[in-house]
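Trainee: Hey, dropping final.tsv in here, TSV, C-alpha atoms:
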```
chain	number	residue	atom	x	y	z
A	1	LEU	CA	0.00	0.00	0.00
A	2	PRO	CA	1.31	3.47	-0.76
A	3	PRO	CA	1.98	5.40	2.46
A	4	LEU	CA	-0.01	8.53	3.15
A	5	ALA	CA	2.65	10.93	4.46
A	6	ASP	CA	0.66	13.15	6.83
A	7	CYS	CA	-1.57	10.34	8.01
A	8	GLU	CA	1.20	7.88	8.94
A	9	GLY	CA	0.19	5.35	11.56
A	10	GLN	CA	-3.42	6.48	11.73
A	11	PRO	CA	-6.35	4.18	11.01
A	12	ALA	CA	-7.39	6.35	8.05
A	13	GLU	CA	-4.27	5.43	6.10
A	14	LEU	CA	-4.73	1.72	6.57
A	15	GLY	CA	-8.50	1.83	6.10
A	16	LEU	CA	-8.46	3.84	2.89
A	17	GLY	CA	-5.58	1.82	1.47
A	18	LEU	CA	-7.28	-1.50	2.21
A	19	MET	CA	-10.63	-0.32	0.90
A	20	PHE	CA	-9.22	0.86	-2.44
A	21	GLU	CA	-7.01	-2.21	-2.75
A	22	CYS	CA	-10.10	-4.39	-2.36
A	23	LEU	CA	-12.09	-2.30	-4.83
A	24	MET	CA	-9.39	-2.02	-7.47
A	25	HIS	CA	-7.41	-5.26	-7.11
A	26	PRO	CA	-9.51	-7.92	-5.39
A	27	SER	CA	-7.94	-11.36	-5.27
A	28	PHE	CA	-10.95	-13.56	-4.39
A	29	PRO	CA	-8.86	-16.24	-2.63
A	30	ALA	CA	-10.51	-19.66	-2.77
A	31	ASP	CA	-10.69	-20.18	1.01
A	32	ALA	CA	-12.24	-16.75	1.62
A	33	LEU	CA	-14.71	-17.19	-1.25
A	34	GLU	CA	-15.75	-20.60	0.08
A	35	ARG	CA	-16.14	-19.22	3.61
A	36	GLN	CA	-18.25	-16.30	2.37
A	37	ARG	CA	-20.35	-18.60	0.18
A	38	ASP	CA	-20.98	-20.92	3.16
A	39	GLN	CA	-21.96	-17.95	5.34
A	40	GLN	CA	-24.32	-16.63	2.67
A	41	ILE	CA	-25.96	-20.03	2.21
A	42	SER	CA	-26.32	-20.39	5.99
A	43	ALA	CA	-27.97	-16.96	6.16
A	44	ILE	CA	-30.36	-17.92	3.34
A	45	GLU	CA	-31.23	-21.19	5.10
A	46	GLU	CA	-31.69	-19.44	8.46
A	47	THR	CA	-33.94	-16.80	6.92
A	48	ALA	CA	-36.11	-19.55	5.42
A	49	THR	CA	-36.86	-20.82	8.96
A	50	GLN	CA	-37.86	-17.45	10.43
A	51	PRO	CA	-41.47	-16.27	10.00
A	52	HIS	CA	-40.81	-12.52	9.80
A	53	PRO	CA	-38.11	-12.63	7.07
A	54	ARG	CA	-40.12	-15.24	5.16
A	55	GLY	CA	-43.22	-13.05	5.32
A	56	SER	CA	-41.25	-9.95	4.34
A	57	GLN	CA	-39.77	-11.69	1.31
A	58	LEU	CA	-43.14	-13.08	0.22
A	59	PHE	CA	-44.66	-9.61	0.64
A	60	LYS	CA	-41.97	-8.02	-1.55
A	61	ALA	CA	-42.40	-10.76	-4.16
A	62	LEU	CA	-46.15	-10.14	-4.27
A	63	ILE	CA	-45.77	-6.36	-4.48
A	64	TYR	CA	-42.90	-6.20	-6.98
A	65	GLY	CA	-43.35	-9.42	-8.95
A	66	ASP	CA	-40.44	-10.01	-11.35
A	67	HIS	CA	-38.88	-6.60	-10.62
A	68	PRO	CA	-35.41	-6.81	-8.96
A	69	LEU	CA	-36.91	-5.46	-5.70
A	70	GLY	CA	-39.06	-8.59	-5.56
A	71	ARG	CA	-36.03	-10.88	-5.44
A	72	PRO	CA	-34.69	-12.34	-2.19
A	73	SER	CA	-32.27	-9.82	-0.69
A	74	LEU	CA	-29.81	-12.57	0.32
A	75	GLY	CA	-30.00	-14.28	-3.05
A	76	LYS	CA	-31.07	-17.79	-3.93
A	77	LYS	CA	-29.22	-20.76	-2.49
A	78	GLU	CA	-28.83	-22.51	-5.85
A	79	ILE	CA	-27.27	-19.41	-7.44
A	80	VAL	CA	-24.96	-18.61	-4.53
A	81	ALA	CA	-23.76	-22.23	-4.42
A	82	LYS	CA	-22.55	-22.01	-8.05
A	83	LEU	CA	-20.71	-18.67	-7.83
A	84	THR	CA	-17.00	-18.86	-8.67
A	85	ALA	CA	-14.08	-16.49	-8.26
A	86	ALA	CA	-14.26	-15.89	-12.01
A	87	ASP	CA	-17.93	-14.82	-11.67
A	88	CYS	CA	-17.03	-12.40	-8.89
A	89	ARG	CA	-14.02	-11.06	-10.80
A	90	GLU	CA	-16.06	-10.50	-13.98
A	91	PHE	CA	-18.75	-8.63	-12.02
A	92	GLN	CA	-16.17	-6.58	-10.13
A	93	GLN	CA	-14.27	-5.57	-13.26
A	94	SER	CA	-17.38	-4.47	-15.13
A	95	VAL	CA	-19.36	-2.75	-12.37
A	96	ILE	CA	-17.04	-1.66	-9.55
A	97	ALA	CA	-15.49	1.37	-11.20
A	98	PRO	CA	-14.94	5.04	-10.40
A	99	ASN	CA	-17.58	6.13	-12.91
A	100	HIS	CA	-20.13	3.94	-11.05
A	101	ALA	CA	-19.08	4.85	-7.50
A	102	ILE	CA	-19.85	7.50	-4.93
A	103	LEU	CA	-17.43	7.94	-2.06
A	104	VAL	CA	-18.39	9.64	1.19
A	105	VAL	CA	-15.74	10.28	3.84
A	106	VAL	CA	-16.77	11.61	7.24
A	107	GLY	CA	-14.42	12.49	10.05
A	108	ASP	CA	-11.95	14.92	11.55
A	109	PHE	CA	-9.70	15.87	8.63
A	110	THR	CA	-9.01	18.64	6.16
A	111	ALA	CA	-11.11	18.13	3.03
A	112	ALA	CA	-8.33	19.19	0.65
A	113	ALA	CA	-5.80	16.84	2.28
A	114	MET	CA	-8.26	13.93	2.22
A	115	ALA	CA	-9.14	14.59	-1.43
A	116	LYS	CA	-5.43	14.56	-2.28
A	117	LYS	CA	-4.95	11.23	-0.47
A	118	ILE	CA	-7.91	9.67	-2.23
A	119	GLU	CA	-6.78	10.95	-5.62
A	120	GLY	CA	-3.37	9.39	-4.98
A	121	LEU	CA	-4.90	6.05	-4.03
A	122	THR	CA	-7.25	5.98	-7.03
A	123	LYS	CA	-5.04	7.40	-9.79
A	124	ASP	CA	-4.78	3.98	-11.49
A	125	TRP	CA	-8.44	3.06	-11.09
A	126	LYS	CA	-9.83	2.66	-14.61
A	127	PRO	CA	-13.44	3.50	-15.49
A	128	SER	CA	-15.80	0.83	-16.81
A	129	ASP	CA	-16.97	0.86	-20.43
A	130	LEU	CA	-20.42	-0.31	-19.39
A	131	PRO	CA	-23.10	2.32	-18.98
A	132	LYS	CA	-24.33	3.06	-15.49
A	133	PRO	CA	-26.96	0.43	-14.56
A	134	LYS	CA	-30.55	1.61	-14.94
A	135	PRO	CA	-32.94	-0.44	-12.83
A	136	PRO	CA	-36.37	-0.90	-14.33
A	137	ALA	CA	-39.26	1.07	-12.89
A	138	PRO	CA	-41.37	-0.87	-10.38
A	139	PRO	CA	-44.74	-2.12	-11.57
A	140	HIS	CA	-47.46	0.54	-11.61
A	141	GLY	CA	-50.19	-1.21	-9.77
A	142	THR	CA	-51.09	-4.51	-8.34
A	143	VAL	CA	-54.36	-6.26	-7.87
A	144	LEU	CA	-55.54	-7.06	-4.37
A	145	VAL	CA	-53.72	-10.16	-3.21
A	146	GLU	CA	-54.31	-12.11	-0.06
A	147	LYS	CA	-51.75	-14.73	0.82
A	148	ILE	CA	-51.96	-16.80	3.99
A	149	VAL	CA	-49.03	-18.97	4.98
A	150	SER	CA	-49.57	-21.37	7.85
A	151	ASP	CA	-46.52	-22.04	10.01
A	152	PRO	CA	-47.24	-24.27	13.00
A	153	THR	CA	-43.78	-23.56	14.44
A	154	ALA	CA	-44.34	-19.78	14.61
A	155	ALA	CA	-44.91	-18.33	18.10
A	156	GLN	CA	-46.91	-15.38	16.79
A	157	VAL	CA	-48.66	-14.06	13.71
A	158	HIS	CA	-46.86	-11.77	11.25
A	159	ILE	CA	-49.06	-9.58	9.08
A	160	PHE	CA	-47.84	-7.55	6.12
A	161	LEU	CA	-50.17	-5.01	4.53
A	162	GLY	CA	-49.26	-2.49	1.90
A	163	HIS	CA	-48.80	-1.48	-1.71
A	164	LEU	CA	-46.37	0.41	-3.88
A	165	GLY	CA	-45.95	3.95	-2.65
A	166	ILE	CA	-44.52	7.11	-4.06
A	167	THR	CA	-40.90	7.63	-5.09
A	168	ARG	CA	-38.40	9.51	-2.93
A	169	ASN	CA	-38.33	12.42	-5.38
A	170	ASN	CA	-42.08	12.98	-5.04
A	171	PRO	CA	-42.79	16.37	-3.38
A	172	ASP	CA	-45.06	14.60	-0.85
A	173	TYR	CA	-42.41	12.06	0.23
A	174	PHE	CA	-41.36	13.84	3.43
A	175	LYS	CA	-44.96	14.66	4.37
A	176	LEU	CA	-45.81	10.97	4.17
A	177	LEU	CA	-42.64	10.04	6.06
A	178	VAL	CA	-43.65	12.35	8.94
A	179	MET	CA	-47.20	10.92	8.90
A	180	ALA	CA	-45.87	7.39	9.27
```
Rewrite the structure from the file as structure tokens, please.

Mentor:
Amino acid sequence: LPPLADCEGQPAELGLGLMFECLMHPSFPADALERQRDQQISAIEETATQPHPRGSQLFKALIYGDHPLGRPSLGKKEIVAKLTAADCREFQQSVIAPNHAILVVVGDFTAAAMAKKIEGLTKDWKPSDLPKPKPPAPPHGTVLVEKIVSDPTAAQVHIFLGHLGITRNNPDYFKLLVMA
């Protein structure tokens, strides 16, 4: 890692250096990938046994349908199980790029000095040729759906009620947020 002269020995130097090394030059070692895959699969399996996360996921699937927001947030076990280092590397190289990133740094430092440090750490970071991802718009409306899932192992009932709301750029967003 390149040393940051006026930040020597401070956590910021190590933290920024490690973060940009991981973003720009990830290695995806086999043992770490396997460990992460096992943890992800365990989390997926654990979520499948808990009534609240199961209900939440079913609710999102009913509201959003095939839209990406309707997908399981932890992924699907069968997909996670097949991921390889090459898959991760291909995704990282095409999507994790300075023209697709936003960096926020908060702390006790001089903005100009921090900007200079970050510029030094990222000078070799190449932009991606892919356009910035554009997620599809959520569906416009849904029909009334009632879904009852019986779970004899659940200690209590979990009820989800709702529909698609307004977007965050709607002028009424903050009014509705305060009302909630």

Trainee: Interatomic distance between CA of Pro11 (chain A) and CA of Ala112 (chain A)?

Mentor: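 Calculated distance between CA of Pro11 (chain A) and CA of Ala112 (chain A) is 18.3 Å.
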
Trainee: At what distance in Å, to one decimal, does CA of Leu74 (chain A) lie from CA of Ile44 (chain A)?

Mentor: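 Distance reported for this atom pair: 6.2 Å.
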
Trainee: Mind checking which residues fall within 12 Å of Leu144 (chain A), counting all atoms listed in the file, ignoring those fewer than 5 positions away in the same chain, and posting them as a list in words?

Mentor: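 Neighbouring residues, sequence-local ones excluded: Leu62, Ile63, Leu161, Gly162, His163 and Leu164 of chain A.
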
Trainee: Name the closest residue to Lys77 (chain A) among the candidates A:Gln40, A:Thr47, A:Ser56, A:Asn99; distances are taken between atoms, counting all atoms listed in the file.

Mentor: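 Residue with the minimum atom-to-atom distance to Lys77 (chain A): A:Gln40.
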
Trainee: Which distance in Å separates CA of Pro138 (chain A) and CA of Asp172 (chain A), to one decimal?

Mentor: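 According to the coordinates, CA of Pro138 (chain A) and CA of Asp172 (chain A) are separated by 18.5 Å.
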
Trainee: Counting all atoms listed in the file, what is within 12 Å of Ala30 (chain A), bar same-chain residues fewer than 6 positions away, as a ChimeraX atom specification?

Mentor: /A:36-37,83-86,88

Trainee: Keeping just C-alpha atoms, export region 45-128 of chain A of this structure as a CSV table (one decimal), in the first residue's frame.

Mentor:
```
chain,number,residue,atom,x,y,z
A,45,GLU,CA,-31.2,-21.2,5.1
A,46,GLU,CA,-31.7,-19.4,8.5
A,47,THR,CA,-33.9,-16.8,6.9
A,48,ALA,CA,-36.1,-19.6,5.4
A,49,THR,CA,-36.9,-20.8,9.0
A,50,GLN,CA,-37.9,-17.4,10.4
A,51,PRO,CA,-41.5,-16.3,10.0
A,52,HIS,CA,-40.8,-12.5,9.8
A,53,PRO,CA,-38.1,-12.6,7.1
A,54,ARG,CA,-40.1,-15.2,5.2
A,55,GLY,CA,-43.2,-13.0,5.3
A,56,SER,CA,-41.3,-10.0,4.3
A,57,GLN,CA,-39.8,-11.7,1.3
A,58,LEU,CA,-43.1,-13.1,0.2
A,59,PHE,CA,-44.7,-9.6,0.6
A,60,LYS,CA,-42.0,-8.0,-1.6
A,61,ALA,CA,-42.4,-10.8,-4.2
A,62,LEU,CA,-46.2,-10.1,-4.3
A,63,ILE,CA,-45.8,-6.4,-4.5
A,64,TYR,CA,-42.9,-6.2,-7.0
A,65,GLY,CA,-43.3,-9.4,-8.9
A,66,ASP,CA,-40.4,-10.0,-11.3
A,67,HIS,CA,-38.9,-6.6,-10.6
A,68,PRO,CA,-35.4,-6.8,-9.0
A,69,LEU,CA,-36.9,-5.5,-5.7
A,70,GLY,CA,-39.1,-8.6,-5.6
A,71,ARG,CA,-36.0,-10.9,-5.4
A,72,PRO,CA,-34.7,-12.3,-2.2
A,73,SER,CA,-32.3,-9.8,-0.7
A,74,LEU,CA,-29.8,-12.6,0.3
A,75,GLY,CA,-30.0,-14.3,-3.0
A,76,LYS,CA,-31.1,-17.8,-3.9
A,77,LYS,CA,-29.2,-20.8,-2.5
A,78,GLU,CA,-28.8,-22.5,-5.9
A,79,ILE,CA,-27.3,-19.4,-7.4
A,80,VAL,CA,-25.0,-18.6,-4.5
A,81,ALA,CA,-23.8,-22.2,-4.4
A,82,LYS,CA,-22.6,-22.0,-8.1
A,83,LEU,CA,-20.7,-18.7,-7.8
A,84,THR,CA,-17.0,-18.9,-8.7
A,85,ALA,CA,-14.1,-16.5,-8.3
A,86,ALA,CA,-14.3,-15.9,-12.0
A,87,ASP,CA,-17.9,-14.8,-11.7
A,88,CYS,CA,-17.0,-12.4,-8.9
A,89,ARG,CA,-14.0,-11.1,-10.8
A,90,GLU,CA,-16.1,-10.5,-14.0
A,91,PHE,CA,-18.7,-8.6,-12.0
A,92,GLN,CA,-16.2,-6.6,-10.1
A,93,GLN,CA,-14.3,-5.6,-13.3
A,94,SER,CA,-17.4,-4.5,-15.1
A,95,VAL,CA,-19.4,-2.8,-12.4
A,96,ILE,CA,-17.0,-1.7,-9.5
A,97,ALA,CA,-15.5,1.4,-11.2
A,98,PRO,CA,-14.9,5.0,-10.4
A,99,ASN,CA,-17.6,6.1,-12.9
A,100,HIS,CA,-20.1,3.9,-11.1
A,101,ALA,CA,-19.1,4.9,-7.5
A,102,ILE,CA,-19.9,7.5,-4.9
A,103,LEU,CA,-17.4,7.9,-2.1
A,104,VAL,CA,-18.4,9.6,1.2
A,105,VAL,CA,-15.7,10.3,3.8
A,106,VAL,CA,-16.8,11.6,7.2
A,107,GLY,CA,-14.4,12.5,10.1
A,108,ASP,CA,-12.0,14.9,11.5
A,109,PHE,CA,-9.7,15.9,8.6
A,110,THR,CA,-9.0,18.6,6.2
A,111,ALA,CA,-11.1,18.1,3.0
A,112,ALA,CA,-8.3,19.2,0.6
A,113,ALA,CA,-5.8,16.8,2.3
A,114,MET,CA,-8.3,13.9,2.2
A,115,ALA,CA,-9.1,14.6,-1.4
A,116,LYS,CA,-5.4,14.6,-2.3
A,117,LYS,CA,-5.0,11.2,-0.5
A,118,ILE,CA,-7.9,9.7,-2.2
A,119,GLU,CA,-6.8,11.0,-5.6
A,120,GLY,CA,-3.4,9.4,-5.0
A,121,LEU,CA,-4.9,6.1,-4.0
A,122,THR,CA,-7.3,6.0,-7.0
A,123,LYS,CA,-5.0,7.4,-9.8
A,124,ASP,CA,-4.8,4.0,-11.5
A,125,TRP,CA,-8.4,3.1,-11.1
A,126,LYS,CA,-9.8,2.7,-14.6
A,127,PRO,CA,-13.4,3.5,-15.5
A,128,SER,CA,-15.8,0.8,-16.8
```
